[in-house]
$ cat run-v8.pdb   # PDB, C-alpha atoms
ATOM      1  CA  MET A 438     137.532  48.773 129.207
ATOM      2  CA  GLY A 439     140.658  46.907 130.267
ATOM      3  CA  HIS A 440     143.810  47.720 132.230
ATOM      4  CA  SER A 441     147.343  46.519 131.424
ATOM      5  CA  ARG A 442     147.030  43.069 129.803
ATOM      6  CA  GLY A 443     143.298  43.669 130.007
ATOM      7  CA  GLY A 444     143.843  46.744 127.832
ATOM      8  CA  ASN A 445     145.491  44.441 125.307
ATOM      9  CA  ALA A 446     142.573  42.015 125.584
ATOM     10  CA  VAL A 447     139.823  44.553 124.918
ATOM     11  CA  ALA A 448     141.697  45.793 121.831
ATOM     12  CA  LYS A 449     142.027  42.203 120.623
ATOM     13  CA  ALA A 450     138.303  41.699 121.224
ATOM     14  CA  VAL A 451     137.586  44.126 118.388
ATOM     15  CA  SER A 452     139.460  42.088 115.777
ATOM     16  CA  TYR A 453     138.347  38.782 117.312
ATOM     17  CA  ASN A 454     134.728  39.870 117.078
ATOM     18  CA  ARG A 455     135.113  40.585 113.366
ATOM     19  CA  ASP A 456     137.221  37.601 112.385
ATOM     20  CA  PHE A 457     134.787  35.446 110.467
ATOM     21  CA  ALA A 458     137.225  32.547 110.426
ATOM     22  CA  ILE A 459     137.032  32.460 114.221
ATOM     23  CA  ASN A 460     133.377  33.404 114.434
ATOM     24  CA  ASN A 461     132.293  30.508 112.247
ATOM     25  CA  ARG A 462     134.741  27.893 113.467
ATOM     26  CA  ASN A 463     133.174  25.044 115.406
ATOM     27  CA  ASN A 464     135.466  23.429 117.943
ATOM     28  CA  GLY A 465     132.883  21.050 119.281
ATOM     29  CA  GLU A 466     131.041  23.869 120.992
ATOM     30  CA  GLU A 467     128.369  26.250 119.821
ATOM     31  CA  SER A 468     129.809  28.486 117.114
ATOM     32  CA  PHE A 469     130.221  32.163 117.832
ATOM     33  CA  THR A 470     128.373  33.446 114.791
ATOM     34  CA  ARG A 471     126.746  36.710 115.848
ATOM     35  CA  ILE A 472     128.923  39.794 115.430
ATOM     36  CA  HIS A 473     128.558  41.969 118.508
ATOM     37  CA  ASP A 474     128.131  45.715 118.198
ATOM     38  CA  ILE A 475     131.234  46.946 120.033
ATOM     39  CA  ARG A 476     130.842  50.716 120.090
ATOM     40  CA  GLY A 477     133.738  51.829 122.256
ATOM     41  CA  VAL A 478     136.937  50.391 123.753
ATOM     42  CA  PHE A 479     139.166  51.956 126.419
ATOM     43  CA  SER A 480     142.688  50.474 126.656
ATOM     44  CA  LEU A 481     144.211  51.714 129.919
ATOM     45  CA  ALA A 482     148.026  51.445 130.049
ATOM     46  CA  PRO A 483     147.837  48.375 127.788
ATOM     47  CA  THR A 484     150.424  45.882 126.699
ATOM     48  CA  ASP A 485     150.583  45.131 122.974
ATOM     49  CA  PHE A 486     152.348  41.874 122.203
ATOM     50  CA  ASP A 487     150.623  41.201 118.873
ATOM     51  CA  GLN A 488     150.431  44.659 117.263
ATOM     52  CA  GLU A 489     146.694  44.975 117.739
ATOM     53  CA  ALA A 490     144.697  47.225 115.425
ATOM     54  CA  PRO A 491     141.215  47.932 116.851
ATOM     55  CA  THR A 492     139.925  49.322 113.560
ATOM     56  CA  ASN A 493     136.590  50.984 112.834
ATOM     57  CA  THR A 494     135.655  51.335 116.496
ATOM     58  CA  ALA A 495     135.767  54.273 118.880
ATOM     59  CA  TRP A 496     138.964  53.470 120.769
ATOM     60  CA  VAL A 497     141.276  55.268 123.176
ATOM     61  CA  THR A 498     144.515  54.413 124.925
ATOM     62  CA  LEU A 499     145.725  56.124 128.087
ATOM     63  CA  SER A 500     149.504  56.039 128.612
ATOM     64  CA  PRO A 501     150.834  57.001 132.070
ATOM     65  CA  TYR A 502     154.062  58.966 131.629
ATOM     66  CA  CYS A 503     155.628  57.479 134.781
ATOM     67  CA  ASP A 504     154.508  53.913 134.066
ATOM     68  CA  GLY A 505     157.076  51.594 135.642
ATOM     69  CA  ASP A 506     155.353  48.406 134.488
ATOM     70  CA  VAL A 507     154.709  48.943 130.771
ATOM     71  CA  ALA A 508     157.543  51.470 130.701
ATOM     72  CA  ASN A 509     157.654  51.600 126.890
ATOM     73  CA  PRO A 510     153.979  52.540 126.479
ATOM     74  CA  HIS A 511     152.543  49.962 124.115
ATOM     75  CA  GLY A 512     149.279  51.821 123.601
ATOM     76  CA  ILE A 513     151.144  54.370 121.508
ATOM     77  CA  TYR A 514     152.108  51.584 119.092
ATOM     78  CA  MET A 515     148.439  50.653 118.701
ATOM     79  CA  TYR A 516     147.562  54.271 118.026
ATOM     80  CA  ASP A 517     150.285  54.569 115.385
ATOM     81  CA  ASN A 518     149.334  51.248 113.796
ATOM     82  CA  LEU A 519     145.829  52.599 113.239
ATOM     83  CA  ARG A 520     146.952  55.849 111.659
ATOM     84  CA  TYR A 521     147.621  54.550 108.140
ATOM     85  CA  ASN A 522     145.824  51.217 108.359
ATOM     86  CA  PRO A 523     143.901  50.898 105.054
ATOM     87  CA  ASP A 524     141.133  48.925 106.787
ATOM     88  CA  ASN A 525     140.526  51.672 109.341
ATOM     89  CA  VAL A 526     137.857  53.803 107.690
ATOM     90  CA  ASP A 527     135.494  54.570 110.566
ATOM     91  CA  GLY A 528     135.533  55.247 114.305
ATOM     92  CA  ALA A 529     137.246  57.905 116.406
ATOM     93  CA  GLN A 530     140.648  56.954 117.835
ATOM     94  CA  PHE A 531     142.394  58.806 120.648
ATOM     95  CA  MET A 532     145.639  58.755 122.594
ATOM     96  CA  ILE A 533     146.036  60.288 126.050
ATOM     97  CA  THR A 534     149.309  60.801 127.889
ATOM     98  CA  SER A 535     148.941  61.492 131.599
ATOM     99  CA  ILE A 536     151.996  63.354 132.873
ATOM    100  CA  GLY A 537     152.907  62.182 136.386
ATOM    101  CA  ALA A 538     150.717  59.057 136.417
ATOM    102  CA  ASN A 539     152.014  55.574 137.170
ATOM    103  CA  HIS A 540     150.634  52.194 136.100
ATOM    104  CA  ASN A 541     149.039  50.936 139.300
ATOM    105  CA  TYR A 542     147.136  53.869 140.789
ATOM    106  CA  TYR A 543     144.329  53.504 138.252
ATOM    107  CA  ASN A 544     143.592  50.211 139.979
ATOM    108  CA  SER A 545     142.399  49.990 143.586
ATOM    109  CA  PHE A 546     143.844  46.480 143.937
ATOM    110  CA  TRP A 547     147.448  47.111 142.833
ATOM    111  CA  PHE A 548     148.837  49.024 145.784
ATOM    112  CA  ASN A 549     152.561  49.502 145.074
ATOM    113  CA  ASP A 550     154.071  52.533 143.343
ATOM    114  CA  ASP A 551     155.569  51.067 140.168
ATOM    115  CA  ALA A 552     156.975  54.461 139.125
ATOM    116  CA  THR A 553     159.984  53.753 141.343
ATOM    117  CA  LEU A 554     161.183  51.560 138.447
ATOM    118  CA  ASN A 555     161.280  54.730 136.360
ATOM    119  CA  GLY A 556     163.923  56.271 138.600
ATOM    120  CA  PHE A 557     166.009  57.423 135.634
ATOM    121  CA  ASP A 558     163.405  60.151 134.982
ATOM    122  CA  PRO A 559     163.552  62.857 137.674
ATOM    123  CA  TYR A 560     159.964  63.884 136.919
ATOM    124  CA  CYS A 561     158.813  60.445 138.076
ATOM    125  CA  SER A 562     160.932  60.171 141.225
ATOM    126  CA  GLU A 563     159.331  61.456 144.424
ATOM    127  CA  ALA A 564     162.825  62.166 145.757
ATOM    128  CA  SER A 565     163.500  64.627 142.934
ATOM    129  CA  PRO A 566     162.976  68.383 143.432
ATOM    130  CA  ILE A 567     161.240  68.571 140.038
ATOM    131  CA  GLU A 568     158.992  65.514 140.405
ATOM    132  CA  GLY A 569     155.418  65.844 139.173
ATOM    133  CA  ARG A 570     153.761  62.722 140.526
ATOM    134  CA  TYR A 571     150.074  62.322 141.311
ATOM    135  CA  ALA A 572     148.765  61.180 144.647
ATOM    136  CA  ARG A 573     146.664  58.031 144.207
ATOM    137  CA  GLU A 574     143.429  59.943 144.816
ATOM    138  CA  ASP A 575     144.314  62.588 142.229
ATOM    139  CA  GLN A 576     145.206  59.980 139.621
ATOM    140  CA  GLU A 577     141.916  58.197 140.230
ATOM    141  CA  ARG A 578     140.047  61.468 139.669
ATOM    142  CA  HIS A 579     141.131  61.947 136.061
ATOM    143  CA  GLY A 580     140.983  58.198 135.397
ATOM    144  CA  GLU A 581     137.347  58.076 136.448
ATOM    145  CA  PHE A 582     136.449  61.077 134.311
ATOM    146  CA  LEU A 583     138.229  59.880 131.179
ATOM    147  CA  ILE A 584     136.857  56.339 131.317
ATOM    148  CA  ALA A 585     133.306  57.325 132.227
ATOM    149  CA  SER A 586     132.989  60.243 129.800
ATOM    150  CA  PHE A 587     134.420  58.242 126.889
ATOM    151  CA  LEU A 588     132.070  55.309 127.408
ATOM    152  CA  ARG A 589     129.081  57.550 128.083
ATOM    153  CA  LEU A 590     129.711  59.363 124.793
ATOM    154  CA  PHE A 591     130.618  56.551 122.413
ATOM    155  CA  VAL A 592     128.662  53.692 123.969
ATOM    156  CA  GLY A 593     125.771  55.462 125.664
ATOM    157  CA  GLY A 594     125.346  58.331 123.223
ATOM    158  CA  GLU A 595     125.455  60.999 125.958
ATOM    159  CA  THR A 596     126.922  64.277 124.723
ATOM    160  CA  GLN A 597     127.597  66.130 127.980
ATOM    161  CA  PHE A 598     131.375  65.799 127.564
ATOM    162  CA  ALA A 599     131.546  65.587 123.770
ATOM    163  CA  GLY A 600     133.293  68.964 123.731
ATOM    164  CA  TYR A 601     136.296  67.570 125.578
ATOM    165  CA  TRP A 602     136.663  64.593 123.251
ATOM    166  CA  GLY A 603     136.359  66.955 120.304
ATOM    167  CA  GLY A 604     139.237  69.080 121.597
ATOM    168  CA  LYS A 605     136.987  72.081 122.218
ATOM    169  CA  GLU A 606     136.607  72.070 126.013
ATOM    170  CA  ARG A 607     138.899  71.805 129.018
ATOM    171  CA  LEU A 608     138.944  69.011 131.536
ATOM    172  CA  PRO A 609     136.437  69.688 134.314
ATOM    173  CA  GLU A 610     137.786  70.619 137.735
ATOM    174  CA  SER A 611     136.573  67.263 139.086
ATOM    175  CA  ALA A 612     139.161  65.529 136.860
ATOM    176  CA  CYS A 613     142.061  67.614 138.179
ATOM    177  CA  PRO A 614     144.108  67.143 141.356
ATOM    178  CA  ILE A 615     142.306  68.357 144.457
ATOM    179  CA  GLY A 616     142.537  72.136 144.709
ATOM    180  CA  VAL A 617     143.504  72.616 141.038
ATOM    181  CA  GLU A 618     140.973  74.259 138.717
ATOM    182  CA  THR A 619     142.504  73.404 135.326
ATOM    183  CA  CYS A 620     144.997  70.678 134.429
ATOM    184  CA  ASP A 621     144.975  70.255 130.647
ATOM    185  CA  GLU A 622     148.754  70.679 130.632
ATOM    186  CA  LEU A 623     148.965  67.360 132.523
ATOM    187  CA  ILE A 624     146.549  65.338 130.367
ATOM    188  CA  HIS A 625     147.596  65.429 126.707
ATOM    189  CA  LEU A 626     144.841  64.417 124.282
ATOM    190  CA  SER A 627     145.527  63.484 120.653
ATOM    191  CA  PHE A 628     143.047  62.192 118.100
ATOM    192  CA  GLN A 629     143.138  61.047 114.507
ATOM    193  CA  GLN A 630     141.228  62.933 111.867
ATOM    194  CA  PRO A 631     139.073  61.031 109.348
ATOM    195  CA  LYS A 632     141.046  60.096 106.253
ATOM    196  CA  ASP A 633     138.926  62.345 104.042
ATOM    197  CA  SER A 634     139.873  65.336 106.216
ATOM    198  CA  ILE A 635     143.655  65.102 105.924
ATOM    199  CA  ILE A 636     146.350  65.215 103.267
ATOM    200  CA  VAL A 637     149.229  62.844 103.995
ATOM    201  CA  VAL A 638     152.467  64.384 102.788
ATOM    202  CA  ASP A 639     154.785  61.645 104.060
ATOM    203  CA  ASP A 640     153.757  58.646 106.147
ATOM    204  CA  THR A 641     157.409  57.510 106.642
ATOM    205  CA  LEU A 642     156.269  53.878 106.628
ATOM    206  CA  ASP A 643     159.297  52.612 104.713
ATOM    207  CA  ALA A 644     162.833  53.649 103.811
ATOM    208  CA  SER A 645     161.753  55.123 100.466
ATOM    209  CA  SER A 646     160.346  58.093 102.409
ATOM    210  CA  LEU A 647     163.918  59.372 102.703
ATOM    211  CA  GLU A 648     163.902  60.075  98.979
ATOM    212  CA  GLN A 649     160.246  60.547  98.021
ATOM    213  CA  ASN A 650     157.057  61.520  99.852
ATOM    214  CA  ASN A 651     153.487  60.322  99.327
ATOM    215  CA  LEU A 652     152.835  63.126  96.841
ATOM    216  CA  GLU A 653     155.679  61.731  94.690
ATOM    217  CA  ASN A 654     157.834  64.762  95.350
ATOM    218  CA  ALA A 655     161.518  64.374  96.140
ATOM    219  CA  ASN A 656     162.704  64.615  99.738
ATOM    220  CA  SER A 657     166.075  66.108 100.544
ATOM    221  CA  SER A 658     167.991  67.117 103.637
ATOM    222  CA  GLY A 659     170.843  69.377 104.512
ATOM    223  CA  ALA A 660     173.141  70.138 107.434
ATOM    224  CA  THR A 661     172.499  66.729 108.977
ATOM    225  CA  ASP A 662     175.243  64.493 110.326
ATOM    226  CA  VAL A 663     173.162  61.315 110.183
ATOM    227  CA  LEU A 664     170.006  60.554 108.232
ATOM    228  CA  PHE A 665     168.339  57.158 108.305
ATOM    229  CA  TRP A 666     164.916  55.555 108.424
ATOM    230  CA  CYS A 667     163.738  54.165 111.760
ATOM    231  CA  SER A 668     161.744  50.951 111.502
ATOM    232  CA  PRO A 669     158.422  50.861 113.411
ATOM    233  CA  SER A 670     159.668  47.686 115.117
ATOM    234  CA  PHE A 671     163.081  47.059 116.629
ATOM    235  CA  GLY A 672     163.792  44.250 114.185
ATOM    236  CA  GLY A 673     166.029  41.244 114.577
ATOM    237  CA  GLY A 674     163.361  38.734 115.504
ATOM    238  CA  TRP A 675     162.598  37.198 118.861
ATOM    239  CA  ILE A 676     166.255  36.730 119.809
ATOM    240  CA  VAL A 677     166.946  40.456 119.613
ATOM    241  CA  GLU A 678     163.581  41.496 121.011
ATOM    242  CA  THR A 679     163.417  38.971 123.854
ATOM    243  CA  ILE A 680     166.734  37.312 124.762
ATOM    244  CA  LEU A 681     168.885  40.440 124.384
ATOM    245  CA  PRO A 682     166.658  42.647 126.575
ATOM    246  CA  MET A 683     166.577  39.978 129.269
ATOM    247  CA  ALA A 684     170.371  39.640 129.204
ATOM    248  CA  ILE A 685     170.751  43.405 129.484
ATOM    249  CA  TRP A 686     168.226  43.414 132.341
ATOM    250  CA  ILE A 687     170.296  40.871 134.282
ATOM    251  CA  VAL A 688     173.520  42.813 133.826
ATOM    252  CA  ALA A 689     172.063  46.291 134.290
ATOM    253  CA  PHE A 690     169.641  45.729 137.153
ATOM    254  CA  ARG A 691     171.416  42.942 139.064
ATOM    255  CA  PRO A 692     175.036  44.115 138.736
ATOM    256  CA  ARG A 693     176.270  43.064 142.174
ATOM    257  CA  ARG A 694     175.173  39.495 141.673
ATOM    258  CA  PHE A 695     176.587  39.060 138.187
ATOM    259  CA  LEU A 696     179.406  41.611 138.030
ATOM    260  CA  GLY A 697     180.373  42.177 141.636
ATOM    261  CA  ARG A 698     180.233  45.675 143.121
ATOM    262  CA  PRO A 699     179.714  48.084 140.191
ATOM    263  CA  ARG A 700     182.586  50.499 139.677
ATOM    264  CA  PHE A 701     181.288  52.370 136.677
ATOM    265  CA  ARG A 702     177.786  53.616 137.456
ATOM    266  CA  LEU A 703     177.578  55.540 134.203
ATOM    267  CA  GLY A 704     178.029  52.307 132.284
ATOM    268  CA  ILE A 705     175.236  50.683 134.282
ATOM    269  CA  TRP A 706     172.849  53.518 133.422
ATOM    270  CA  VAL A 707     173.787  53.226 129.752
ATOM    271  CA  LEU A 708     172.888  49.542 129.913
ATOM    272  CA  ARG A 709     169.578  50.391 131.558
ATOM    273  CA  LEU A 710     168.691  52.854 128.829
ATOM    274  CA  THR A 711     169.734  50.295 126.212
ATOM    275  CA  PHE A 712     167.369  47.834 127.844
ATOM    276  CA  LEU A 713     164.493  50.277 127.427
ATOM    277  CA  LEU A 714     165.260  50.635 123.725
ATOM    278  CA  CYS A 715     165.673  46.910 123.114
ATOM    279  CA  SER A 716     162.537  45.957 125.012
ATOM    280  CA  GLN A 717     160.293  47.815 122.578
ATOM    281  CA  LYS A 718     156.934  46.057 122.292
ATOM    282  CA  ARG A 719     157.920  43.445 124.860
ATOM    283  CA  GLY A 720     156.843  45.124 128.110
ATOM    284  CA  TRP A 721     159.640  43.705 130.256
ATOM    285  CA  MET A 722     159.600  46.706 132.574
TER     286      MET A 722
END

$ encode --input "run-v8.pdb" --output "structure tokens"
Amino acid sequence: MGHSRGGNAVAKAVSYNRDFAINNRNNGEESFTRIHDIRGVFSLAPTDFDQEAPTNTAWVTLSPYCDGDVANPHGIYMYDNLRYNPDNVDGAQFMITSIGANHNYYNSFWFNDDATLNGFDPYCSEASPIEGRYAREDQERHGEFLIASFLRLFVGGETQFAGYWGGKERLPESACPIGVETCDELIHLSFQQPKDSIIVVDDTLDASSLEQNNLENANSSGATDVLFWCSPSFGGGWIVETILPMAIWIVAFRPRRFLGRPRFRLGIWVLRLTFLLCSQKRGWM
């Protein structure tokens, strides 16, 4: 189990463990030649700078909806990258979205409320009348249940909470905010079916999906103003994905220093939203 960059690291450990080129390389030290039996990996609010694909292993990512650190939840990219990966033939993979959770409250050492950086979303702002934030203690409650039950099932072989991970049982009351009996509407669980249990109609992995689906039938559309294919990555290389987001960050989040007193607040918010789009897979927030 790993949190934030640690969540990235534990996902990378899966591929590292199976990379025979690395396992058998001798850099003057004892070679790492024995493949370890990694049975389960929990990536908590992870970064994903290298498009990790923890294939053929029980794996789950938890994405806090009000994450102000990894504001463009990278774990979702990992989950999507596994969906049609031809090498992924075994292992249960899950994605959890925790509505109202921030990045730091899963960690007893990181004390600040990073969700304040997500102020553009009224659900994540404690000053908003419609906010839905967790208290630290309540966020820890479901974090402890999800991490412990996942590892107990897929690593330890205990089946007490297998019903939840199979989508057949509710979260226990101990995982909900204090005084709340059921809270499944706050913790959204998704999981990928085995490949032999699904029929893929259209994976939309390339632009040809606009005209033809995986069953070789024609696709068509009507009454649409705009129709285009959206690439899984932002595109444009490191200049677009790194330099441009940083430039937008400077202008949008430090306007008084670089632009003087802002006169058009709407324009500033547009720049902030543009930053979120451009920073895809870079975790600048």

$ resolve_selection --input "run-v8.pdb" --expression "the PyMOL selection byres ((chain A and resi 644) around 9)" --output "PDB file with C-alpha atoms, keeping the file's coordinate frame"
ATOM      1  CA  THR A 641     157.409  57.510 106.642  1.00  0.00           C
ATOM      2  CA  LEU A 642     156.269  53.878 106.628  1.00  0.00           C
ATOM      3  CA  ASP A 643     159.297  52.612 104.713  1.00  0.00           C
ATOM      4  CA  SER A 645     161.753  55.123 100.466  1.00  0.00           C
ATOM      5  CA  SER A 646     160.346  58.093 102.409  1.00  0.00           C
ATOM      6  CA  LEU A 647     163.918  59.372 102.703  1.00  0.00           C
ATOM      7  CA  GLU A 648     163.902  60.075  98.979  1.00  0.00           C
ATOM      8  CA  PHE A 665     168.339  57.158 108.305  1.00  0.00           C
ATOM      9  CA  TRP A 666     164.916  55.555 108.424  1.00  0.00           C
ATOM     10  CA  CYS A 667     163.738  54.165 111.760  1.00  0.00           C
ATOM     11  CA  SER A 668     161.744  50.951 111.502  1.00  0.00           C
TER      12      SER A 668
END

$ residues_around --input "run-v8.pdb" --residues "His540 (chain A)" --least-positions-apart "6" --cutoff "10 Å" --atoms "all atoms listed in the file" --output "PyMOL selection string"
chain A and resi 440-441+481-483+500-508+547+549-552

$ closest_residue --input "run-v8.pdb" --among "A:Asn493, A:Asn445, A:Thr534, A:Gln576" --to "Cys613 (chain A)" --atoms "all atoms listed in the file"
A:Gln576

$ residues_around --input "run-v8.pdb" --residues "region 570-572 of chain A" --least-positions-apart "4" --cutoff "7 Å" --atoms "all atoms listed in the file" --output "list of chain:residue names"
A:Gly537, A:Ala538, A:Cys561, A:Glu563, A:Gln576

$ atom_distance --input "run-v8.pdb" --atom1 "CA of Met532 (chain A)" --atom2 "CA of Ser480 (chain A)"
9.7 Å

$ resolve_selection --input "run-v8.pdb" --expression "the PyMOL selection byres ((chain A and resi 585) around 12)" --output "PyMOL selection string"
chain A and resi 438+477-479+577-584+586-593+595+597-599+612

$ closest_residue --input "run-v8.pdb" --among "A:Phe548, A:Tyr542, A:Ile533, A:Val447" --to "Gly604 (chain A)" --atoms "all atoms listed in the file"
A:Ile533

$ atom_distance --input "run-v8.pdb" --atom1 "CA of Tyr516 (chain A)" --atom2 "CA of Glu606 (chain A)"
22.4 Å

$ atom_distance --input "run-v8.pdb" --atom1 "CA of Ala490 (chain A)" --atom2 "CA of Asn509 (chain A)"
17.8 Å

$ closest_residue --input "run-v8.pdb" --among "A:Thr498, A:Ser545, A:Ser657, A:Thr492" --to "Pro523 (chain A)" --atoms "all atoms listed in the file"
A:Thr492

$ closest_residue --input "run-v8.pdb" --among "A:Pro491, A:Ala655, A:Asp575, A:Arg471" --to "Ala450 (chain A)" --atoms "only C-alpha atoms"
A:Pro491

$ resolve_selection --input "run-v8.pdb" --expression "the PyMOL selection byres ((chain A and resi 621-637) around 7)" --output "list of chain:residue names"
A:Ala529, A:Gln530, A:Phe531, A:Met532, A:Ile533, A:Thr534, A:Ser535, A:Ile536, A:Arg607, A:Leu608, A:Thr619, A:Cys620, A:Val638, A:Asp639, A:Asp640, A:Asn651
